[in-house]
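K.L.:
Here you go, one structure.
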Amino acid sequence: MKIYDCIFLDRDGTINFDPGYIKNIDEFKLYSYAIDALRKLSLITKSFCIVSNQSGVSRGIINIDELNKIHEYIKLTFKKHNINLIDILIATDHPDKEPSSRRKPGIGMFIEAKSVYEIKLKDSLMIGDSYTDIEPGRVIGMESMLVLSGIGNLSLKKFKNNLWPNYIVNNLSEGADLLCKEKLEY
Ligand SMILES: [Mg+2]
């Protein structure tokens with residue numbers, strides 16, 4: 001049975017609704033299936049790490065203290081359900097102002113997770129709803145899963161030739177079912 005070293009998770013459109021630039025905790029809502037799906041995925045991974053582009057900070061739309069409150073809420077919720085979240089990494093760079101490699105599709109946040117938490121990236125999986133979530137997975141050599149929640153359907157148009165994700169599913173719940181079936185039942 002294959003156990004991932006880490007499942008990297010995009011945030012908006014993957015584990016929670018994405019109305020665009022979530023500014024405070026009142027606007028943050030996990031998908032109803034998210035916790036159950038993550039608990040199921042816990043069977044096939046040692047850990048989770050959220051990697052999220054939050055350009056709203058550099059755009060002056062999102063206040064960093066409010067963002068931290070949202071992330072404290074996520075950490076507490078995951079902990080309450082025994083979901084081993086090691087960190088929430090964010091890239092606040094503005095996409096039009098020479099963003100650093102931290103901003104996805106750059107691989108900076110993944111490299112940071114590798115060096116701080118000794119994650120084996122090649123034994124990890126990235127799950128997200130955007131082309132920019134899948135591309136770093138391909139560059140690093142991680143498996144990748146596109147969820148069609150959030151902007152997933154729009155993202156489908158951006159994949160060409162052999163650059164497709166390993167898995168495409170309707171949402172995180174379906175992804176958890178598929179992976180657990182594949183990894184636990186053979
Ligand atoms: Mg997203």
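Identifiers in this document derive from the order of the structure tokens: chains are assigned A, B, ..., residues are numbered from 1 separately in each chain, and ligands are numbered from 1 in order of occurrence.
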So that I can see what lies close to Ile7 (chain A), please list as a JSON list (two decimals) with N, CA and C atoms, in the first residue's frame the residues with an atom at most 6 Å from it, counting only C-alpha atoms and leaving out residues fewer than 2 positions away in the same chain.
P.N.:
```
[["chain", "number", "residue", "atom", "x", "y", "z"],
["A", 48, "PHE", "N", -0.75, 16.57, 5.87],
["A", 48, "PHE", "CA", -1.29, 17.51, 4.88],
["A", 48, "PHE", "C", -0.58, 18.85, 5.06],
["A", 124, "SER", "N", 4.74, 12.62, -2.68],
["A", 124, "SER", "CA", 3.62, 13.45, -2.25],
["A", 124, "SER", "C", 2.63, 13.66, -3.38],
["A", 125, "LEU", "N", 1.52, 14.24, -3.03],
["A", 125, "LEU", "CA", 0.43, 14.49, -3.99],
["A", 125, "LEU", "C", -0.05, 15.92, -3.83],
["A", 126, "MET", "N", -0.33, 16.58, -4.94],
["A", 126, "MET", "CA", -0.91, 17.93, -4.89],
["A", 126, "MET", "C", -2.34, 17.87, -5.37]]
```
K.L.:
Determine which residues of region 1-164 of chain A receive a DSSP assignment of helix (DSSP H, G or I), computed from the backbone, and state them as a count of residues only.
P.N.:
61
K.L.:
Under the rule that only C-alpha atoms and all ligand atoms are counted, which of A:Leu76, A:Ile35, A:Ile127, A:Met142 is the nearest residue to ligand 1?
P.N.:
A:Ile127
K.L.:
Could you list the protein, DNA and RNA residues that have any atom within 9 Å of ligand 1, counting only C-alpha atoms and all ligand atoms, and write them as number ranges by chain?
P.N.:
A: 10-16, 18, 52-53, 128-130, 132-133, 149-152
K.L.:
Neighbours of Leu41 (chain A) within 10 Å (only C-alpha atoms; same-chain residues fewer than 2 positions away dropped), as a list in words?
P.N.:
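The residues that qualify are Ile3, Tyr4, Ile7, Ile35, Asp36, Ala37, Leu38, Arg39, Leu43, Ile44, Thr45, Lys46, Ser47, Phe48, Ile83, Leu172, Ser173, Gly175, Ala176, Asp177, Leu178, Leu179 and Cys180 of chain A.
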K.L.:
Go ahead and write the residues just picked, N, CA and C atoms, as a tab-separated table (two decimals), in the first residue's frame.
P.N.:
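The resulting selection13.tsv:
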```
chain	number	residue	atom	x	y	z
A	3	ILE	N	1.57	4.95	0.88
A	3	ILE	CA	1.18	6.05	1.76
A	3	ILE	C	1.94	7.29	1.29
A	4	TYR	N	1.21	8.35	1.03
A	4	TYR	CA	1.90	9.59	0.64
A	4	TYR	C	2.64	10.18	1.85
A	7	ILE	N	0.08	15.17	1.53
A	7	ILE	CA	-0.85	15.64	0.50
A	7	ILE	C	-0.92	17.16	0.63
A	35	ILE	N	-14.29	17.89	5.45
A	35	ILE	CA	-13.72	17.20	6.61
A	35	ILE	C	-13.79	15.68	6.43
A	36	ASP	N	-14.92	15.18	6.00
A	36	ASP	CA	-15.04	13.73	5.78
A	36	ASP	C	-14.01	13.26	4.76
A	37	ALA	N	-13.85	14.03	3.69
A	37	ALA	CA	-12.89	13.65	2.63
A	37	ALA	C	-11.47	13.65	3.18
A	38	LEU	N	-11.13	14.64	3.99
A	38	LEU	CA	-9.77	14.73	4.53
A	38	LEU	C	-9.52	13.63	5.55
A	39	ARG	N	-10.54	13.28	6.31
A	39	ARG	CA	-10.38	12.17	7.27
A	39	ARG	C	-10.13	10.86	6.52
A	43	LEU	N	-6.06	8.26	5.80
A	43	LEU	CA	-5.67	6.84	5.79
A	43	LEU	C	-4.51	6.58	4.84
A	44	ILE	N	-4.31	7.48	3.88
A	44	ILE	CA	-3.28	7.22	2.86
A	44	ILE	C	-2.21	8.30	2.81
A	45	THR	N	-2.13	9.12	3.85
A	45	THR	CA	-1.04	10.11	3.88
A	45	THR	C	-0.57	10.32	5.32
A	46	LYS	N	0.70	10.64	5.45
A	46	LYS	CA	1.22	10.94	6.79
A	46	LYS	C	0.81	12.33	7.23
A	47	SER	N	0.65	13.23	6.26
A	47	SER	CA	0.40	14.63	6.64
A	47	SER	C	-0.28	15.39	5.51
A	48	PHE	N	-0.75	16.57	5.87
A	48	PHE	CA	-1.29	17.51	4.88
A	48	PHE	C	-0.58	18.85	5.06
A	83	ILE	N	-6.95	15.53	11.81
A	83	ILE	CA	-6.36	15.62	10.47
A	83	ILE	C	-5.01	16.30	10.64
A	172	LEU	N	-13.27	17.06	-3.93
A	172	LEU	CA	-12.38	16.41	-2.98
A	172	LEU	C	-12.96	15.11	-2.44
A	173	SER	N	-14.27	15.08	-2.30
A	173	SER	CA	-14.93	13.89	-1.78
A	173	SER	C	-14.74	12.72	-2.75
A	175	GLY	N	-12.48	12.53	-4.99
A	175	GLY	CA	-11.04	12.25	-5.03
A	175	GLY	C	-10.61	11.33	-3.90
A	176	ALA	N	-11.14	11.58	-2.71
A	176	ALA	CA	-10.80	10.76	-1.55
A	176	ALA	C	-11.28	9.33	-1.77
A	177	ASP	N	-12.51	9.20	-2.27
A	177	ASP	CA	-13.06	7.85	-2.53
A	177	ASP	C	-12.20	7.10	-3.54
A	178	LEU	N	-11.84	7.80	-4.61
A	178	LEU	CA	-11.06	7.17	-5.68
A	178	LEU	C	-9.69	6.71	-5.16
A	179	LEU	N	-9.00	7.61	-4.49
A	179	LEU	CA	-7.64	7.28	-4.03
A	179	LEU	C	-7.65	6.18	-2.98
A	180	CYS	N	-8.62	6.23	-2.08
A	180	CYS	CA	-8.66	5.21	-1.03
A	180	CYS	C	-8.99	3.85	-1.63
```
K.L.:
Provide the CA of Leu146 (chain A) to CA of Pro99 (chain A) distance in Å, to one decimal place.
P.N.:
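Taking CA of Leu146 (chain A) as the start and CA of Pro99 (chain A) as the end point, the length is 23.5 Å.
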K.L.:
List every residue of region 9-186 of chain A that DSSP, applied to the backbone, labels as strand (DSSP E), and write the result as a ChimeraX atom specification.
P.N.:
/A:9,48-53,85-91,125-128,143-147,167-169
K.L.:
Only C-alpha atoms, please: the residues just picked out, written as a CSV table (one decimal), in the first residue's frame.
P.N.:
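Output saved as selection.csv:
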```csv
chain,number,residue,atom,x,y,z
A,9,LEU,CA,-3.9,21.0,-0.7
A,48,PHE,CA,-1.3,17.5,4.9
A,49,CYS,CA,0.0,21.0,4.0
A,50,ILE,CA,-2.1,23.8,2.6
A,51,VAL,CA,-0.3,25.9,-0.1
A,52,SER,CA,-2.3,28.9,-1.1
A,53,ASN,CA,-1.8,32.0,-3.3
A,85,LEU,CA,-2.1,19.5,9.1
A,86,ILE,CA,1.6,20.5,9.4
A,87,ASP,CA,1.3,24.0,8.1
A,88,ILE,CA,-0.6,26.5,6.0
A,89,LEU,CA,1.9,28.3,3.6
A,90,ILE,CA,0.8,31.3,1.7
A,91,ALA,CA,2.2,33.4,-1.2
A,125,LEU,CA,0.4,14.5,-4.0
A,126,MET,CA,-0.9,17.9,-4.9
A,127,ILE,CA,-4.7,18.5,-5.0
A,128,GLY,CA,-6.1,21.7,-6.4
A,143,GLU,CA,1.4,13.1,-8.4
A,144,SER,CA,-1.4,15.6,-9.0
A,145,MET,CA,-5.2,15.7,-8.8
A,146,LEU,CA,-7.4,18.3,-10.3
A,147,VAL,CA,-10.8,18.9,-8.6
A,167,TYR,CA,-6.4,12.3,-11.6
A,168,ILE,CA,-9.4,14.5,-12.5
A,169,VAL,CA,-12.4,14.3,-10.2
```
K.L.:
Between A:Ile140, A:Leu184, A:Leu30, A:Ile107, which one has atoms that come closest to Leu121 (chain A), using only C-alpha atoms?
P.N.:
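The shortest atom-to-atom distance to Leu121 (chain A) comes from A:Ile140.
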K.L.:
For each of A:Lys79, A:Lys69, A:Lys157, A:Arg59, take the minimum atom-to-atom distance to Asp93 (chain A), counting only C-alpha atoms, then give the residue where this is smallest.
P.N.:
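For Asp93 (chain A), the nearest of the candidates is A:Arg59.
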K.L.:
Using only C-alpha atoms for the distances, tell me which of A:Val57, A:Cys6, A:Ile134, A:Ile64 is nearest to Tyr21 (chain A).
P.N.:
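Smallest distance to Tyr21 (chain A) is found for A:Val57.
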K.L.:
Could you jot down the CA of Leu156 (chain A) to CA of Pro136 (chain A) separation for me, Å, one decimal place?
P.N.:
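Computed distance, CA of Leu156 (chain A) to CA of Pro136 (chain A), equals 15.8 Å.
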K.L.:
Interatomic distance between CA of Thr77 (chain A) and CA of Glu182 (chain A)?
P.N.:
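Going from CA of Thr77 (chain A) over to CA of Glu182 (chain A), I get 27.3 Å.
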K.L.:
Choose the residue, out of A:Lys183, A:Glu174, A:Phe8, A:Lys80, that has the smallest atom-to-atom separation from Gly137 (chain A); count only C-alpha atoms.
P.N.:
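Smallest distance to Gly137 (chain A) is found for A:Phe8.
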